[in-house]
Protein chains: 2
Amino acid sequence: MAREENRGRVATDRVGTICRALRRAIIEQALEPGAKLPEDALGERFGVSRTIARHALGQLAAEGLVELRRNRIAIVATPSWQEARDAFDIRIELERLVVRQLAGRLTKVQIAQLHAHVDAEDEARNGLDAISIRLATEFHILLASMTQSPILIRYVSEIAYRCCLTLSLFSRPHSSECAINEHRLLIGALASGDAETVMSLMHHHLDSVASRALVAQSKPRGRDIMDILAPYADVPRALSPTKPKTPALSRQKAAE
Amino acid sequence: MAREENRGRVATDRVGTICRALRRAIIEQALEPGAKLPEDALGERFGVSRTIARHALGQLAAEGLVELRRNRIAIVATPSWQEARDAFDIRIELERLVVRQLAGRLTKVQIAQLHAHVDAEDEARNGLDAISIRLATEFHILLASMTQSPILIRYVSEIAYRCCLTLSLFSRPHSSECAINEHRLLIGALASGDAETVMSLMHHHLDSVASRALVAQSKPRGRDIMDILAPYADVPRALSPTKPKTPALSRQKAAE
DNA sequence: AGCGAAAAATGTGCATGCACTTTGCGTGCC
DNA sequence: GGCACGCAAAGTGCATGCACATTTTTCGCT
């Protein structure tokens, strides 16, 4: 009996795959809030039966990204303005916890990793809005994942995705420059190590993201879900169609 | 025809029912951490097919109460000491948010409701440990539900349940008296209205709950799951107005 | 007896089928 | 032309069946 003949990845994490794909499609606004997610269309697109698609929808609903209505087609969640505000309030506290735990404790490698990610954000700055929003979100998730605390990681990821969703709902063009700058400041403060400083930096950063975003309603659109999902259907870790690569953070482990 | 024959709710929320039952069984320690949860046994006990039982397990796994292992029987989650500590840290921040939002804003009815709950805790003080732990947990959930913020309610519920689970894992006899007292103090401070006061009260309350609990490992037991579930199989009534679903999941992974 | 290996038993992974619900559309009546 | 009714299409809710993985038992071989 050899050890470890099971190749740890792929194979059969079908529902996880679907969750990841949908999550990404949602936060990149390929699927907008309110978009319908019929079980069979999903199943067909991902090459699985409705059973699996259904299970995946259940998971995403538990994460708050999808809304399940009995006997009705599931839809992408449409958070209210108030919910968005609440989500940001919670997020602020959680991320303060993250940086409190991280301040002055990051290794050189980790700091480099963070810088690399921000560089990626920078490159994507002139690309699609959706991409830069996603990258900004993933910066925070990367940060959280450095705490090594599974619970914290999960909560921050989830709330960050939800905030990302509302960002795409309420925000206009999205001024990424400020955010990117603030990310750099954050890294610097984390490296130099004073917890209080970083916490308040993070607090203000998220506060301003929230207030930049939560000002006015906007845009409705609508396309066909089967087409939208095409690029997501069999992409293990790919990038977006119209843009160069977006490295860093391939680690967002999630569903399973 | 008028489409309004909707009879309140109930009807067919089978997976919700199973989740509630299992959640309760878990936090009352009827099912201990590590206990096996085979799909067919669950299905048989609750009179549904494996499909439904499986879906319910998926939800509970998303909440962190159940651990799913591929091709293996699901088990009740067994949080590590460190995870318990992390959970409490997060919980403290979340509940500070709760009382901050509630301080000075509670109606007479709500205050009465809280007092009633604490009275119930008091009555249960000499009963089973598991019951008083559950009631103490539900006090916090009741509080959270008064914020009217679905997101906050869900997160607090979930983390409180997880803490409750670890409490039953690590805690000895459980000194409920202090907790009950602290609950009363909390209500008083909430009524009189200073946010800062209540927040620090809550902070210390949870801190001391955590430190009372997280001291030493303890007890293993083991019985038959079918027997354990018997009293839970047909319980229509749930006491809290909360209907928590939950968030995503993330598979923990040691960095390297 | 003891050590494994193979086979039975248990249990999960998933697709499929059918019943029931909702929705959309066409038809007839005003 | 407009509105309501009702039927067909689309979709969900759920059980069941079969393939495969894991665990346990049995049985052969030394």
# chains A, B, ... in the order shown; residues from 1 in each chain; ligands from 1
>>> interface_residues(of="chain B", to="chain D", cutoff="10 Å", atoms="only C-alpha atoms (C1' of nucleotides)", output="PyMOL selection string")
chain B and resi 1+12+48-52+70-73
>>> interface_residues(of="chain C", to="chain A", cutoff="10 Å", atoms="only C-alpha atoms (C1' of nucleotides)", output="list of chain:residue names")
C:DG13, C:DC14, C:DA15, C:DT16, C:DC20, C:DT21, C:DT22, C:DT23
>>> select_by_dssp(residues="range 20-253 of chain B", states="strand (DSSP E)", output="MDAnalysis selection string")
chainID B and resid 36:37 66:67 74:76
>>> write_last_selection(atoms="N, CA and C atoms", output="CSV table (one decimal), in the first residue's frame")
chain,number,residue,atom,x,y,z
B,36,LYS,N,-21.2,9.9,13.9
B,36,LYS,CA,-21.5,9.7,12.5
B,36,LYS,C,-22.9,10.0,12.1
B,37,LEU,N,-23.0,10.5,10.9
B,37,LEU,CA,-24.3,10.9,10.4
B,37,LEU,C,-24.5,10.3,9.0
B,66,VAL,N,-21.0,20.4,10.7
B,66,VAL,CA,-20.8,19.1,10.2
B,66,VAL,C,-19.6,19.0,9.3
B,67,GLU,N,-19.0,17.9,9.3
B,67,GLU,CA,-17.8,17.7,8.5
B,67,GLU,C,-18.1,16.7,7.4
B,74,ALA,N,-20.6,11.3,7.0
B,74,ALA,CA,-20.4,12.7,7.5
B,74,ALA,C,-20.4,12.6,9.1
B,75,ILE,N,-19.6,13.5,9.7
B,75,ILE,CA,-19.6,13.5,11.1
B,75,ILE,C,-19.9,14.9,11.7
B,76,VAL,N,-20.2,14.9,12.9
B,76,VAL,CA,-20.4,16.2,13.6
B,76,VAL,C,-19.0,16.8,13.7
>>> interface_residues(of="chain A", to="chain B", cutoff="8 Å", atoms="only C-alpha atoms", output="list of chain:residue names")
A:His55, A:Gly58, A:Gln59, A:Leu60, A:Ala61, A:Ala62, A:Glu63, A:Gly64, A:Glu83, A:Asp86, A:Ala87, A:Ile90, A:Glu93, A:Leu94, A:Leu97, A:Gln148, A:Ser149, A:Pro150, A:Ile151, A:Leu152, A:Ile153, A:Arg154, A:Tyr155, A:Glu158, A:Lys253, A:Ala254, A:Ala255, A:Glu256
>>> write_last_selection(atoms="C-alpha atoms", output="tab-separated table (two decimals), in the first residue's frame")
chain	number	residue	atom	x	y	z
A	55	HIS	CA	-26.67	21.16	-4.52
A	58	GLY	CA	-27.83	25.35	-2.14
A	59	GLN	CA	-24.28	26.11	-1.13
A	60	LEU	CA	-24.25	29.47	-2.84
A	61	ALA	CA	-27.53	30.32	-1.21
A	62	ALA	CA	-25.94	29.53	2.13
A	63	GLU	CA	-23.22	32.00	1.21
A	64	GLY	CA	-25.79	34.61	0.37
A	83	GLU	CA	-28.02	44.97	3.63
A	86	ASP	CA	-24.73	46.09	7.18
A	87	ALA	CA	-22.39	43.86	5.25
A	90	ILE	CA	-19.47	43.57	9.58
A	93	GLU	CA	-14.80	44.53	12.07
A	94	LEU	CA	-13.71	41.24	10.57
A	97	LEU	CA	-9.36	41.43	13.21
A	148	GLN	CA	-4.27	30.72	8.91
A	149	SER	CA	-7.56	30.84	10.71
A	150	PRO	CA	-10.05	28.84	8.68
A	151	ILE	CA	-13.03	30.45	10.29
A	152	LEU	CA	-11.82	33.96	9.77
A	153	ILE	CA	-10.81	33.17	6.22
A	154	ARG	CA	-14.20	31.83	5.41
A	155	TYR	CA	-16.11	34.68	6.93
A	158	GLU	CA	-17.88	35.36	2.15
A	253	LYS	CA	-10.25	27.87	-1.62
A	254	ALA	CA	-13.87	27.67	-1.20
A	255	ALA	CA	-16.66	25.34	-1.70
A	256	GLU	CA	-16.02	21.75	-1.84
>>> select_by_dssp(residues="range 21-249 of chain A", states="alpha helix (DSSP H)", output="ChimeraX atom specification")
/A:21-27,39-46,50-63,81-102,108-123,129-145,150-170,176-192,195-213,225-233
>>> atom_distance(atom1="CA of Leu65 in chain A", atom2="CA of Val99 in chain B")
26.6 Å
>>> residues_around(residues="range 180-185 of chain B", least_positions_apart="5", cutoff="8 Å", atoms="only C-alpha atoms (C1' of nucleotides)", output="JSON, numbers by chain")
{"B": [115, 118, 121, 122, 136, 205]}
>>> residues_around(residues="Met202 in chain A", least_positions_apart="2", cutoff="8 Å", atoms="only C-alpha atoms (C1' of nucleotides)", output="PyMOL selection string")
chain A and resi 92+95-96+99+186+198-200+204-206
>>> atom_distance(atom1="CA of Glu196 in chain B", atom2="CA of Ala144 in chain B")
17.2 Å
